[in-house]
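Enquirer: Supplied in structure tokens, the structure appears directly below.
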Amino acid sequence: MNPAHAQPHRLDIWLEEQPKALRHVVMTIAGACERIGEAAGQGALAGLHGLAESDNSQGEAQKKLDVFADEVLSQALAGCPHVAGWASEEHPDPTRSEDFGVHGDYLVVFDPLDGSSNIEANISVGTIFSILPHPFRGTPVGDAGFMQPAKQQVAAGYVLYGPSTVMVLTCRNGVQAFTLDRRSGHWLLTRSAIQVPATTREFAINTSNQRFWDKPVQRYVAECVAGETGPRRQDFNMRWVASMVAEVHRILTRGGVFMYPRDNKEPRKPGRLRLMYEAAPMALLMQQAGARAVTGTQELLEIVPDTLHQRVPVILGSADEIARIV
Ligand code: AFP
């Protein structure tokens, strides 16, 4: 490829239309994700397979790569003058930046390694991030500053560590994908103005939970499974990777529906996925790609979080199917 031609497609150059501070934050996340992707790509050779000797903030066993990814991102964000604080799936409370906790412009919330049960199986995993404004800039950011609804995100995205490493990003200006060129170290624009087709014949759900679902989800899936012989009068296909990042990437590539709906398996948990660093960033990506993300009764973008690690039901993807489920 002609290098001059490639120039405008680099992430750092593409970001020049954004405020300088946001540019810096996204490039900081991109740099950290490059390191995480390298470690994930090294597989067993990186010495990061298997469990760490610790649990995360929610009592879940941590993998070594979870801990590594969390440390890499946290260290990178601590050095970014535009980040006032950050919060991770791996820690009970948000962290205020020692140096920039007052004047930093943004807060970053992230799941350092989504889909970590897949690491040793060499199946795609990812990092999910959400960038919120520092709501009281000029004062030290506190935990309450993070409790903002998803619709206030200034940017959101994920990095998928698959056969290629891809960052999918929205700065509220549509959705674009940048593939990491491992030879040059640059993130190059490979898809822009991504739109999710409104209709689909593909859905993703963990059907081992079927008996715990609410009736509308039972019915929706039963109708899809009935295919040509049922009321939908067409066959559907089903997928389940158990890495939300990979499922969302597929939906952004060819449409589809992803559901981790409310179930009564553990009644104290209204859903499995976490609002702030799983559902919220994906909801903004969906909205920007012409798709939808709901709990079943509410738009995910509208929910004001009660707690940092709040769980929510998630149903997202092709707009016509989401309307049908709702
Ligand atoms: P892990 O990061 O603990 O593997 O969880 C991944 C995840 O949050 C999401 O990425 C998957 O869609 C979902 O959980 C898979 O859950 P099940 O294992 O219940 O299918």
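To be explicit about the labels: the chains of the structure tokens are called A, B, and onward in the order shown, and within each one the residues are counted from 1, while ligands get numbers from 1 in the order they are shown.
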Please provide the set of residues having any atom within 7 Å of A:Phe258, restricted to only C-alpha atoms, with same-chain residues fewer than 3 positions apart removed, written as a ChimeraX atom specification.

Expert: /A:203-205,247,315-317

Enquirer: Give me a file of those residues, with N, CA, C and O atoms, as a tab-separated table (two decimals), in the first residue's frame.

Expert:
```
chain	number	residue	atom	x	y	z
A	203	PHE	N	-29.25	-15.18	15.74
A	203	PHE	CA	-29.35	-14.72	17.13
A	203	PHE	C	-28.32	-15.44	17.98
A	203	PHE	O	-27.85	-16.52	17.63
A	204	ALA	N	-27.97	-14.80	19.12
A	204	ALA	CA	-26.98	-15.37	20.03
A	204	ALA	C	-27.51	-15.33	21.45
A	204	ALA	O	-27.89	-14.25	21.94
A	205	ILE	N	-27.57	-16.48	22.07
A	205	ILE	CA	-28.03	-16.55	23.47
A	205	ILE	C	-27.51	-17.86	24.04
A	205	ILE	O	-27.31	-18.82	23.28
A	247	GLU	N	-19.21	-11.34	19.92
A	247	GLU	CA	-20.62	-11.38	19.45
A	247	GLU	C	-21.00	-10.00	18.86
A	247	GLU	O	-21.63	-9.93	17.80
A	315	ILE	N	-30.14	-6.90	25.67
A	315	ILE	CA	-30.67	-7.42	24.39
A	315	ILE	C	-30.29	-6.36	23.35
A	315	ILE	O	-30.73	-5.21	23.45
A	316	LEU	N	-29.45	-6.72	22.40
A	316	LEU	CA	-28.99	-5.69	21.46
A	316	LEU	C	-28.84	-6.25	20.05
A	316	LEU	O	-28.75	-7.45	19.86
A	317	GLY	N	-28.85	-5.32	19.09
A	317	GLY	CA	-28.59	-5.72	17.71
A	317	GLY	C	-29.56	-5.11	16.72
A	317	GLY	O	-30.07	-4.00	16.93
```

Enquirer: So that I can check the surroundings of A:Glu299, please list as a list in words every protein, DNA and RNA residue that reaches within 12 Å of it, counting only C-alpha atoms and ignoring chain neighbours fewer than 2 positions away.

Expert: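 Once the nearby chain positions are removed, what remains is Pro149, Ala150, Lys151, Leu275, Ala279, Ala280, Ala283, Leu284, Met286, Gln287, Ala291, Arg292, Ala293, Val294, Thr295, Gly296, Thr297, Leu301, Glu302, Ile303, Val304, Val312, Pro313, Val314, Ile315, Leu316, Ile322, Ala323 and Val326 of chain A.
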
Enquirer: Residues of chain A that have any atom at most 8 Å from an atom of ligand 1: could you tabulate them with the shortest-distance atom pair and the distance in Å to one decimal, using only C-alpha atoms and all ligand atoms, ordered by chain and increasing number, as JSON lines?

Expert:
```
{"residue": "A:Glu60", "atom": "CA", "partner": "ligand 1", "partner_atom_place_in_ligand_line": "3 (O)", "distance": 7.9}
{"residue": "A:Leu113", "atom": "CA", "partner": "ligand 1", "partner_atom_place_in_ligand_line": "2 (O)", "distance": 6.4}
{"residue": "A:Asp114", "atom": "CA", "partner": "ligand 1", "partner_atom_place_in_ligand_line": "2 (O)", "distance": 4.1}
{"residue": "A:Gly115", "atom": "CA", "partner": "ligand 1", "partner_atom_place_in_ligand_line": "4 (O)", "distance": 3.4}
{"residue": "A:Ser116", "atom": "CA", "partner": "ligand 1", "partner_atom_place_in_ligand_line": "4 (O)", "distance": 4.0}
{"residue": "A:Ser117", "atom": "CA", "partner": "ligand 1", "partner_atom_place_in_ligand_line": "4 (O)", "distance": 4.0}
{"residue": "A:Asn118", "atom": "CA", "partner": "ligand 1", "partner_atom_place_in_ligand_line": "4 (O)", "distance": 6.4}
{"residue": "A:Ile205", "atom": "CA", "partner": "ligand 1", "partner_atom_place_in_ligand_line": "20 (O)", "distance": 7.8}
{"residue": "A:Asn206", "atom": "CA", "partner": "ligand 1", "partner_atom_place_in_ligand_line": "20 (O)", "distance": 5.3}
{"residue": "A:Trp240", "atom": "CA", "partner": "ligand 1", "partner_atom_place_in_ligand_line": "20 (O)", "distance": 7.6}
{"residue": "A:Val241", "atom": "CA", "partner": "ligand 1", "partner_atom_place_in_ligand_line": "12 (O)", "distance": 7.2}
{"residue": "A:Ala242", "atom": "CA", "partner": "ligand 1", "partner_atom_place_in_ligand_line": "15 (C)", "distance": 4.0}
{"residue": "A:Ser243", "atom": "CA", "partner": "ligand 1", "partner_atom_place_in_ligand_line": "10 (O)", "distance": 3.7}
{"residue": "A:Met244", "atom": "CA", "partner": "ligand 1", "partner_atom_place_in_ligand_line": "10 (O)", "distance": 3.6}
{"residue": "A:Val245", "atom": "CA", "partner": "ligand 1", "partner_atom_place_in_ligand_line": "10 (O)", "distance": 6.3}
{"residue": "A:Glu247", "atom": "CA", "partner": "ligand 1", "partner_atom_place_in_ligand_line": "12 (O)", "distance": 7.5}
{"residue": "A:Tyr260", "atom": "CA", "partner": "ligand 1", "partner_atom_place_in_ligand_line": "12 (O)", "distance": 7.0}
{"residue": "A:Arg272", "atom": "CA", "partner": "ligand 1", "partner_atom_place_in_ligand_line": "14 (O)", "distance": 6.9}
{"residue": "A:Leu273", "atom": "CA", "partner": "ligand 1", "partner_atom_place_in_ligand_line": "8 (O)", "distance": 5.5}
{"residue": "A:Arg274", "atom": "CA", "partner": "ligand 1", "partner_atom_place_in_ligand_line": "8 (O)", "distance": 7.7}
{"residue": "A:Glu278", "atom": "CA", "partner": "ligand 1", "partner_atom_place_in_ligand_line": "8 (O)", "distance": 7.6}
```

Enquirer: Once DSSP has gone over the backbone, tell me which residues of stretch 169-226 of chain A are in strand (DSSP E), as a PyMOL selection string.

Expert: chain A and resi 169-170+176-181+186-191+202-204

Enquirer: Kindly save the residues from that selection, with N, CA, C and O atoms included, as a short mmCIF file (atom, residue, chain, number, x, y, z; two decimals), in the first residue's frame.

Expert:
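Writing done, so here's out_21.cif:
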```
data_model
loop_
_atom_site.label_atom_id
_atom_site.label_comp_id
_atom_site.auth_asym_id
_atom_site.auth_seq_id
_atom_site.Cartn_x
_atom_site.Cartn_y
_atom_site.Cartn_z
N LEU A 169 -14.64 1.91 17.46
CA LEU A 169 -14.72 3.15 18.24
C LEU A 169 -15.86 4.02 17.77
O LEU A 169 -16.10 4.15 16.57
N THR A 170 -16.54 4.63 18.74
CA THR A 170 -17.41 5.76 18.37
C THR A 170 -17.05 6.95 19.25
O THR A 170 -16.84 6.81 20.46
N GLN A 176 -16.48 3.34 13.70
CA GLN A 176 -15.41 2.96 12.78
C GLN A 176 -14.57 1.86 13.39
O GLN A 176 -14.49 1.72 14.61
N ALA A 177 -13.91 1.10 12.52
CA ALA A 177 -13.02 0.02 12.98
C ALA A 177 -11.61 0.29 12.48
O ALA A 177 -11.41 0.65 11.31
N PHE A 178 -10.65 0.13 13.37
CA PHE A 178 -9.23 0.32 13.05
C PHE A 178 -8.50 -0.99 13.34
O PHE A 178 -8.57 -1.49 14.46
N THR A 179 -7.82 -1.51 12.35
CA THR A 179 -7.08 -2.76 12.54
C THR A 179 -5.63 -2.42 12.85
O THR A 179 -5.03 -1.55 12.20
N LEU A 180 -5.08 -3.11 13.86
CA LEU A 180 -3.68 -2.86 14.22
C LEU A 180 -2.78 -3.51 13.17
O LEU A 180 -2.83 -4.72 12.96
N ASP A 181 -1.98 -2.66 12.52
CA ASP A 181 -0.98 -3.17 11.57
C ASP A 181 0.24 -3.56 12.40
O ASP A 181 0.98 -2.69 12.87
N HIS A 186 0.77 0.85 13.63
CA HIS A 186 -0.31 1.84 13.50
C HIS A 186 -1.67 1.16 13.46
O HIS A 186 -1.80 0.06 12.92
N TRP A 187 -2.68 1.87 14.00
CA TRP A 187 -4.06 1.41 13.87
C TRP A 187 -4.61 2.05 12.60
O TRP A 187 -4.64 3.28 12.49
N LEU A 188 -5.03 1.23 11.64
CA LEU A 188 -5.46 1.75 10.34
C LEU A 188 -6.95 1.55 10.15
O LEU A 188 -7.48 0.46 10.42
N LEU A 189 -7.59 2.61 9.66
CA LEU A 189 -9.04 2.56 9.44
C LEU A 189 -9.37 1.48 8.41
O LEU A 189 -8.90 1.55 7.28
N THR A 190 -10.17 0.50 8.82
CA THR A 190 -10.53 -0.56 7.87
C THR A 190 -12.02 -0.60 7.58
O THR A 190 -12.45 -1.23 6.62
N ARG A 191 -12.83 0.04 8.43
CA ARG A 191 -14.26 0.18 8.12
C ARG A 191 -14.74 1.49 8.72
O ARG A 191 -14.35 1.85 9.83
N GLU A 202 -30.10 -14.23 12.46
CA GLU A 202 -29.10 -14.83 13.34
C GLU A 202 -29.28 -14.29 14.76
O GLU A 202 -29.43 -13.09 14.94
N PHE A 203 -29.25 -15.18 15.74
CA PHE A 203 -29.35 -14.72 17.13
C PHE A 203 -28.32 -15.44 17.98
O PHE A 203 -27.85 -16.52 17.63
N ALA A 204 -27.97 -14.80 19.12
CA ALA A 204 -26.98 -15.37 20.03
C ALA A 204 -27.51 -15.33 21.45
O ALA A 204 -27.89 -14.25 21.94
#
```

Enquirer: Can you check which residues of stretch 10-242 of chain A DSSP gives as helix (DSSP H, G or I) on the backbone and send them as a compact mmCIF listing (two decimals) with N, CA, C and O atoms, in the first residue's frame?

Expert:
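That gives us out-v8.txt:
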```txt
# COMPACT_ATOMS: atom_id res chain seq x y z
N LEU A 11 -5.41 5.95 13.02
CA LEU A 11 -6.27 6.36 14.13
C LEU A 11 -5.87 7.73 14.68
O LEU A 11 -6.73 8.60 14.89
N ASP A 12 -4.57 7.96 14.88
CA ASP A 12 -4.16 9.23 15.47
C ASP A 12 -4.51 10.40 14.55
O ASP A 12 -4.89 11.48 15.02
N ILE A 13 -4.43 10.17 13.25
CA ILE A 13 -4.76 11.25 12.31
C ILE A 13 -6.28 11.42 12.20
O ILE A 13 -6.81 12.52 12.22
N TRP A 14 -6.98 10.31 12.15
CA TRP A 14 -8.44 10.34 12.11
C TRP A 14 -9.00 11.09 13.33
O TRP A 14 -9.99 11.81 13.24
N LEU A 15 -8.32 10.95 14.47
CA LEU A 15 -8.80 11.58 15.71
C LEU A 15 -8.57 13.09 15.74
O LEU A 15 -9.02 13.77 16.67
N GLU A 16 -7.87 13.62 14.73
CA GLU A 16 -7.57 15.06 14.76
C GLU A 16 -8.82 15.92 14.76
O GLU A 16 -8.79 17.06 15.21
N GLU A 17 -9.94 15.37 14.32
CA GLU A 17 -11.20 16.15 14.34
C GLU A 17 -11.79 16.23 15.75
O GLU A 17 -12.72 16.98 15.99
N LYS A 20 -8.55 17.74 21.57
CA LYS A 20 -7.19 17.22 21.81
C LYS A 20 -7.17 16.24 23.00
O LYS A 20 -6.51 15.20 22.98
N ALA A 21 -7.92 16.60 24.04
CA ALA A 21 -7.90 15.78 25.25
C ALA A 21 -8.48 14.39 24.97
O ALA A 21 -7.93 13.37 25.41
N LEU A 22 -9.55 14.34 24.21
CA LEU A 22 -10.17 13.04 23.91
C LEU A 22 -9.24 12.20 23.04
O LEU A 22 -9.10 10.98 23.22
N ARG A 23 -8.58 12.88 22.11
CA ARG A 23 -7.61 12.20 21.24
C ARG A 23 -6.55 11.50 22.07
O ARG A 23 -6.23 10.34 21.86
N HIS A 24 -6.06 12.26 23.06
CA HIS A 24 -5.00 11.73 23.91
C HIS A 24 -5.49 10.51 24.70
O HIS A 24 -4.78 9.52 24.84
N VAL A 25 -6.72 10.59 25.20
CA VAL A 25 -7.26 9.47 26.00
C VAL A 25 -7.42 8.23 25.11
O VAL A 25 -7.01 7.13 25.50
N VAL A 26 -7.98 8.41 23.93
CA VAL A 26 -8.19 7.24 23.04
C VAL A 26 -6.84 6.64 22.66
O VAL A 26 -6.66 5.41 22.66
N MET A 27 -5.85 7.48 22.36
CA MET A 27 -4.54 6.94 21.97
C MET A 27 -3.86 6.25 23.16
O MET A 27 -3.11 5.28 22.98
N THR A 28 -4.14 6.72 24.38
CA THR A 28 -3.59 6.06 25.57
C THR A 28 -4.19 4.66 25.69
O THR A 28 -3.48 3.68 25.95
N ILE A 29 -5.51 4.57 25.50
CA ILE A 29 -6.17 3.26 25.57
C ILE A 29 -5.64 2.36 24.44
O ILE A 29 -5.35 1.18 24.65
N ALA A 30 -5.50 2.94 23.25
CA ALA A 30 -5.01 2.14 22.11
C ALA A 30 -3.61 1.58 22.40
O ALA A 30 -3.33 0.41 22.11
N GLY A 31 -2.76 2.41 23.00
CA GLY A 31 -1.39 1.95 23.31
C GLY A 31 -1.41 0.81 24.31
O GLY A 31 -0.70 -0.19 24.16
N ALA A 32 -2.26 0.94 25.33
CA ALA A 32 -2.36 -0.13 26.34
C ALA A 32 -2.91 -1.41 25.70
O ALA A 32 -2.41 -2.51 25.96
N CYS A 33 -3.89 -1.24 24.83
CA CYS A 33 -4.51 -2.43 24.20
C CYS A 33 -3.54 -3.12 23.24
O CYS A 33 -3.61 -4.33 23.04
N GLU A 34 -2.63 -2.34 22.68
CA GLU A 34 -1.62 -2.95 21.83
C GLU A 34 -0.78 -3.92 22.67
O GLU A 34 -0.49 -5.04 22.23
N ARG A 35 -0.43 -3.50 23.87
CA ARG A 35 0.37 -4.37 24.76
C ARG A 35 -0.44 -5.59 25.19
O ARG A 35 0.07 -6.71 25.26
N ILE A 36 -1.73 -5.38 25.50
CA ILE A 36 -2.57 -6.50 25.93
C ILE A 36 -2.73 -7.49 24.77
O ILE A 36 -2.63 -8.70 24.95
N GLY A 37 -2.94 -6.94 23.57
CA GLY A 37 -3.11 -7.79 22.39
C GLY A 37 -1.86 -8.61 22.11
O GLY A 37 -1.93 -9.77 21.70
N GLU A 38 -0.71 -7.98 22.36
CA GLU A 38 0.56 -8.69 22.14
C GLU A 38 0.67 -9.87 23.11
O GLU A 38 1.00 -10.98 22.72
N ALA A 39 0.30 -9.62 24.38
CA ALA A 39 0.37 -10.69 25.39
C ALA A 39 -0.65 -11.78 25.07
O ALA A 39 -0.34 -12.97 25.15
N ALA A 40 -1.87 -11.37 24.66
CA ALA A 40 -2.89 -12.36 24.33
C ALA A 40 -2.43 -13.19 23.13
O ALA A 40 -2.62 -14.41 23.08
N GLY A 41 -1.80 -12.52 22.17
CA GLY A 41 -1.35 -13.20 20.94
C GLY A 41 -0.19 -14.15 21.17
O GLY A 41 0.01 -15.09 20.42
N GLN A 42 0.59 -13.90 22.22
CA GLN A 42 1.70 -14.79 22.55
C GLN A 42 1.19 -16.11 23.15
O GLN A 42 1.93 -17.08 23.28
N GLY A 43 -0.09 -16.10 23.57
CA GLY A 43 -0.69 -17.31 24.12
C GLY A 43 0.08 -17.85 25.30
O GLY A 43 0.58 -17.09 26.14
N ALA A 44 0.24 -19.16 25.35
CA ALA A 44 0.90 -19.80 26.49
C ALA A 44 2.34 -19.29 26.65
O ALA A 44 2.89 -19.33 27.76
N LEU A 45 2.93 -18.78 25.56
CA LEU A 45 4.33 -18.34 25.63
C LEU A 45 4.51 -17.13 26.53
O LEU A 45 5.60 -16.87 27.04
N ALA A 46 3.42 -16.35 26.73
CA ALA A 46 3.54 -15.14 27.57
C ALA A 46 3.51 -15.49 29.06
O ALA A 46 3.73 -14.62 29.90
N LYS A 64 -4.73 -14.76 35.01
CA LYS A 64 -3.50 -13.96 34.98
C LYS A 64 -3.59 -12.84 33.93
O LYS A 64 -3.13 -11.73 34.16
N LEU A 65 -4.23 -13.16 32.79
CA LEU A 65 -4.33 -12.14 31.73
C LEU A 65 -5.30 -11.01 32.13
O LEU A 65 -5.11 -9.86 31.71
N ASP A 66 -6.33 -11.33 32.94
CA ASP A 66 -7.22 -10.28 33.48
C ASP A 66 -6.40 -9.28 34.28
O ASP A 66 -6.54 -8.06 34.13
N VAL A 67 -5.55 -9.84 35.15
CA VAL A 67 -4.76 -8.99 36.06
C VAL A 67 -3.77 -8.16 35.25
O VAL A 67 -3.63 -6.95 35.46
N PHE A 68 -3.12 -8.80 34.29
CA PHE A 68 -2.14 -8.11 33.44
C PHE A 68 -2.82 -6.96 32.69
O PHE A 68 -2.34 -5.83 32.68
N ALA A 69 -3.97 -7.26 32.07
CA ALA A 69 -4.66 -6.25 31.26
C ALA A 69 -5.09 -5.08 32.14
O ALA A 69 -4.98 -3.90 31.75
N ASP A 70 -5.56 -5.39 33.33
CA ASP A 70 -6.00 -4.34 34.25
C ASP A 70 -4.81 -3.44 34.64
O ASP A 70 -4.93 -2.22 34.65
N GLU A 71 -3.67 -4.07 34.91
CA GLU A 71 -2.48 -3.28 35.31
C GLU A 71 -1.99 -2.40 34.17
O GLU A 71 -1.64 -1.24 34.36
N VAL A 72 -1.99 -2.95 32.97
CA VAL A 72 -1.48 -2.19 31.81
C VAL A 72 -2.37 -0.97 31.57
O VAL A 72 -1.89 0.16 31.40
N LEU A 73 -3.69 -1.19 31.60
CA LEU A 73 -4.60 -0.06 31.35
C LEU A 73 -4.52 0.96 32.48
O LEU A 73 -4.48 2.18 32.24
N SER A 74 -4.49 0.49 33.72
CA SER A 74 -4.46 1.41 34.86
C SER A 74 -3.21 2.27 34.83
O SER A 74 -3.26 3.49 35.03
N GLN A 75 -2.07 1.62 34.56
CA GLN A 75 -0.80 2.38 34.50
C GLN A 75 -0.84 3.42 33.39
O GLN A 75 -0.42 4.56 33.57
N ALA A 76 -1.37 3.02 32.24
CA ALA A 76 -1.41 3.95 31.11
C ALA A 76 -2.31 5.14 31.44
O ALA A 76 -1.95 6.30 31.19
N LEU A 77 -3.47 4.88 32.03
CA LEU A 77 -4.42 5.97 32.32
C LEU A 77 -3.88 6.89 33.41
O LEU A 77 -4.12 8.10 33.39
N ALA A 78 -3.10 6.32 34.34
CA ALA A 78 -2.52 7.13 35.43
C ALA A 78 -1.58 8.19 34.85
O ALA A 78 -1.41 9.27 35.43
N SER A 116 -12.91 -13.82 29.42
CA SER A 116 -11.64 -14.43 29.84
C SER A 116 -11.73 -15.95 30.02
O SER A 116 -10.70 -16.61 30.07
N SER A 117 -12.95 -16.51 30.06
CA SER A 117 -13.03 -17.98 30.13
C SER A 117 -12.50 -18.60 28.83
O SER A 117 -12.22 -19.79 28.77
N ASN A 118 -12.38 -17.78 27.79
CA ASN A 118 -11.95 -18.28 26.48
C ASN A 118 -10.43 -18.24 26.25
O ASN A 118 -9.95 -18.70 25.22
N ASP A 143 -16.45 9.03 43.76
CA ASP A 143 -17.15 7.87 43.20
C ASP A 143 -18.46 8.29 42.50
O ASP A 143 -18.83 7.73 41.47
N ALA A 144 -19.15 9.29 43.07
CA ALA A 144 -20.44 9.70 42.52
C ALA A 144 -20.31 10.23 41.09
O ALA A 144 -21.24 10.12 40.29
N GLY A 145 -19.14 10.79 40.79
CA GLY A 145 -18.91 11.34 39.45
C GLY A 145 -19.04 10.29 38.35
O GLY A 145 -19.31 10.61 37.19
N PHE A 146 -18.83 9.02 38.72
CA PHE A 146 -18.89 7.94 37.72
C PHE A 146 -20.32 7.51 37.41
O PHE A 146 -20.56 6.85 36.40
N ALA A 150 -25.42 6.00 30.38
CA ALA A 150 -24.65 5.70 29.17
C ALA A 150 -24.80 6.78 28.11
O ALA A 150 -23.91 6.99 27.29
N LYS A 151 -25.93 7.49 28.11
CA LYS A 151 -26.12 8.50 27.07
C LYS A 151 -25.15 9.67 27.24
O LYS A 151 -24.99 10.47 26.32
N GLN A 152 -24.47 9.75 28.38
CA GLN A 152 -23.49 10.82 28.57
C GLN A 152 -22.08 10.45 28.11
O GLN A 152 -21.16 11.28 28.19
N THR A 207 -28.39 -20.91 25.45
CA THR A 207 -29.66 -21.63 25.61
C THR A 207 -29.64 -22.59 26.80
O THR A 207 -30.69 -23.15 27.14
N SER A 208 -28.50 -22.78 27.44
CA SER A 208 -28.51 -23.63 28.64
C SER A 208 -29.29 -22.95 29.77
O SER A 208 -29.64 -23.60 30.76
N ASN A 209 -29.56 -21.66 29.61
CA ASN A 209 -30.34 -20.94 30.63
C ASN A 209 -31.83 -20.86 30.28
O ASN A 209 -32.59 -20.17 30.95
N GLN A 210 -32.24 -21.56 29.24
CA GLN A 210 -33.59 -21.38 28.71
C GLN A 210 -34.69 -21.46 29.77
O GLN A 210 -35.61 -20.65 29.78
N ARG A 211 -34.57 -22.44 30.66
CA ARG A 211 -35.67 -22.62 31.63
C ARG A 211 -35.80 -21.45 32.60
O ARG A 211 -36.79 -21.33 33.30
N PHE A 212 -34.78 -20.59 32.66
CA PHE A 212 -34.82 -19.46 33.60
C PHE A 212 -35.31 -18.16 32.95
O PHE A 212 -35.48 -17.15 33.62
N LYS A 215 -40.97 -15.13 29.84
CA LYS A 215 -41.80 -15.68 28.75
C LYS A 215 -41.54 -15.04 27.38
O LYS A 215 -41.45 -15.75 26.38
N PRO A 216 -41.42 -13.70 27.29
CA PRO A 216 -41.22 -13.11 25.95
C PRO A 216 -39.94 -13.61 25.27
O PRO A 216 -39.93 -13.83 24.05
N VAL A 217 -38.86 -13.81 26.05
CA VAL A 217 -37.62 -14.31 25.46
C VAL A 217 -37.80 -15.77 25.05
O VAL A 217 -37.36 -16.20 23.97
N GLN A 218 -38.47 -16.55 25.91
CA GLN A 218 -38.78 -17.96 25.56
C GLN A 218 -39.49 -18.00 24.21
O GLN A 218 -39.17 -18.79 23.34
N ARG A 219 -40.48 -17.12 24.08
CA ARG A 219 -41.29 -17.14 22.86
C ARG A 219 -40.48 -16.71 21.64
O ARG A 219 -40.56 -17.34 20.59
N TYR A 220 -39.70 -15.63 21.81
CA TYR A 220 -38.90 -15.14 20.67
C TYR A 220 -37.98 -16.25 20.16
O TYR A 220 -37.93 -16.53 18.96
N VAL A 221 -37.26 -16.89 21.10
CA VAL A 221 -36.30 -17.91 20.68
C VAL A 221 -37.03 -19.13 20.09
O VAL A 221 -36.61 -19.68 19.06
N ALA A 222 -38.15 -19.50 20.69
CA ALA A 222 -38.91 -20.65 20.17
C ALA A 222 -39.36 -20.38 18.73
O ALA A 222 -39.29 -21.26 17.86
N GLU A 223 -39.76 -19.14 18.47
CA GLU A 223 -40.21 -18.81 17.10
C GLU A 223 -39.05 -18.84 16.11
O GLU A 223 -39.21 -19.25 14.96
N CYS A 224 -37.87 -18.39 16.58
CA CYS A 224 -36.69 -18.45 15.69
C CYS A 224 -36.33 -19.91 15.41
O CYS A 224 -36.03 -20.28 14.26
N VAL A 225 -36.36 -20.74 16.46
CA VAL A 225 -35.98 -22.15 16.30
C VAL A 225 -36.98 -22.89 15.42
O VAL A 225 -36.62 -23.78 14.64
N ALA A 226 -38.25 -22.50 15.50
CA ALA A 226 -39.29 -23.16 14.66
C ALA A 226 -39.03 -22.89 13.18
O ALA A 226 -39.47 -23.66 12.31
N GLY A 227 -38.31 -21.79 12.88
CA GLY A 227 -37.88 -21.52 11.52
C GLY A 227 -39.01 -21.47 10.51
O GLY A 227 -40.09 -20.93 10.80
N GLU A 228 -38.77 -22.07 9.36
CA GLU A 228 -39.75 -22.03 8.25
C GLU A 228 -41.11 -22.56 8.65
O GLU A 228 -42.13 -22.14 8.10
N THR A 229 -41.12 -23.47 9.60
CA THR A 229 -42.39 -24.12 9.98
C THR A 229 -43.14 -23.30 11.04
O THR A 229 -44.25 -23.66 11.42
```

Enquirer: Compile the contact shell of A:His103 as a ChimeraX atom specification: residues with an atom at most 7 Å away, counting only C-alpha atoms, same-chain residues fewer than 6 positions apart removed.

Expert: /A:84,137-138

Enquirer: For A:His49, which of A:Asp105, A:Glu98, A:Glu120, A:Glu266 is the closest residue, counting only C-alpha atoms?

Expert: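 So, comparing all the options, the nearest one is A:Glu120.
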
Enquirer: Restricting the calculation to only C-alpha atoms, which member of A:Tyr106, A:Phe236, A:Tyr277, A:Tyr158 is positioned closest to A:Arg201?

Expert: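 Using only C-alpha atoms, the shortest distance to A:Arg201 belongs to A:Phe236.
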
Enquirer: Can you tell me how far atom CA of A:Gly256 sits from atom CA of A:Pro197, in Å to one decimal?

Expert: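 Answer for the atom CA of A:Gly256 to atom CA of A:Pro197 separation: 8.1 Å.
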
Enquirer: What gap, in Å, lies between atom CA of A:His91 and atom CA of A:Ala246?

Expert: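 We find that atom CA of A:His91 and atom CA of A:Ala246 lie 23.8 Å from each other.
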
Enquirer: Neighbouring residues of A:Ala198 were defined as those with any atom within 8 Å, considering only C-alpha atoms; residues of the same chain fewer than 4 positions away were excluded. Please report them as an MDAnalysis selection string.

Expert: chainID A and resid 255 290:291 318:321

Enquirer: Between A:Met147, A:Ala61, A:Met282, A:Leu160, which residue has the minimum interatomic distance to A:Asp93, considering only C-alpha atoms?

Expert: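 When distances to A:Asp93 are compared using only C-alpha atoms, the smallest one comes from A:Met147.
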
Enquirer: Would you work out the distance separating atom CA of A:Val109 from atom CA of A:Ala87, expressed in Å to one decimal?

Expert: 4.7 Å
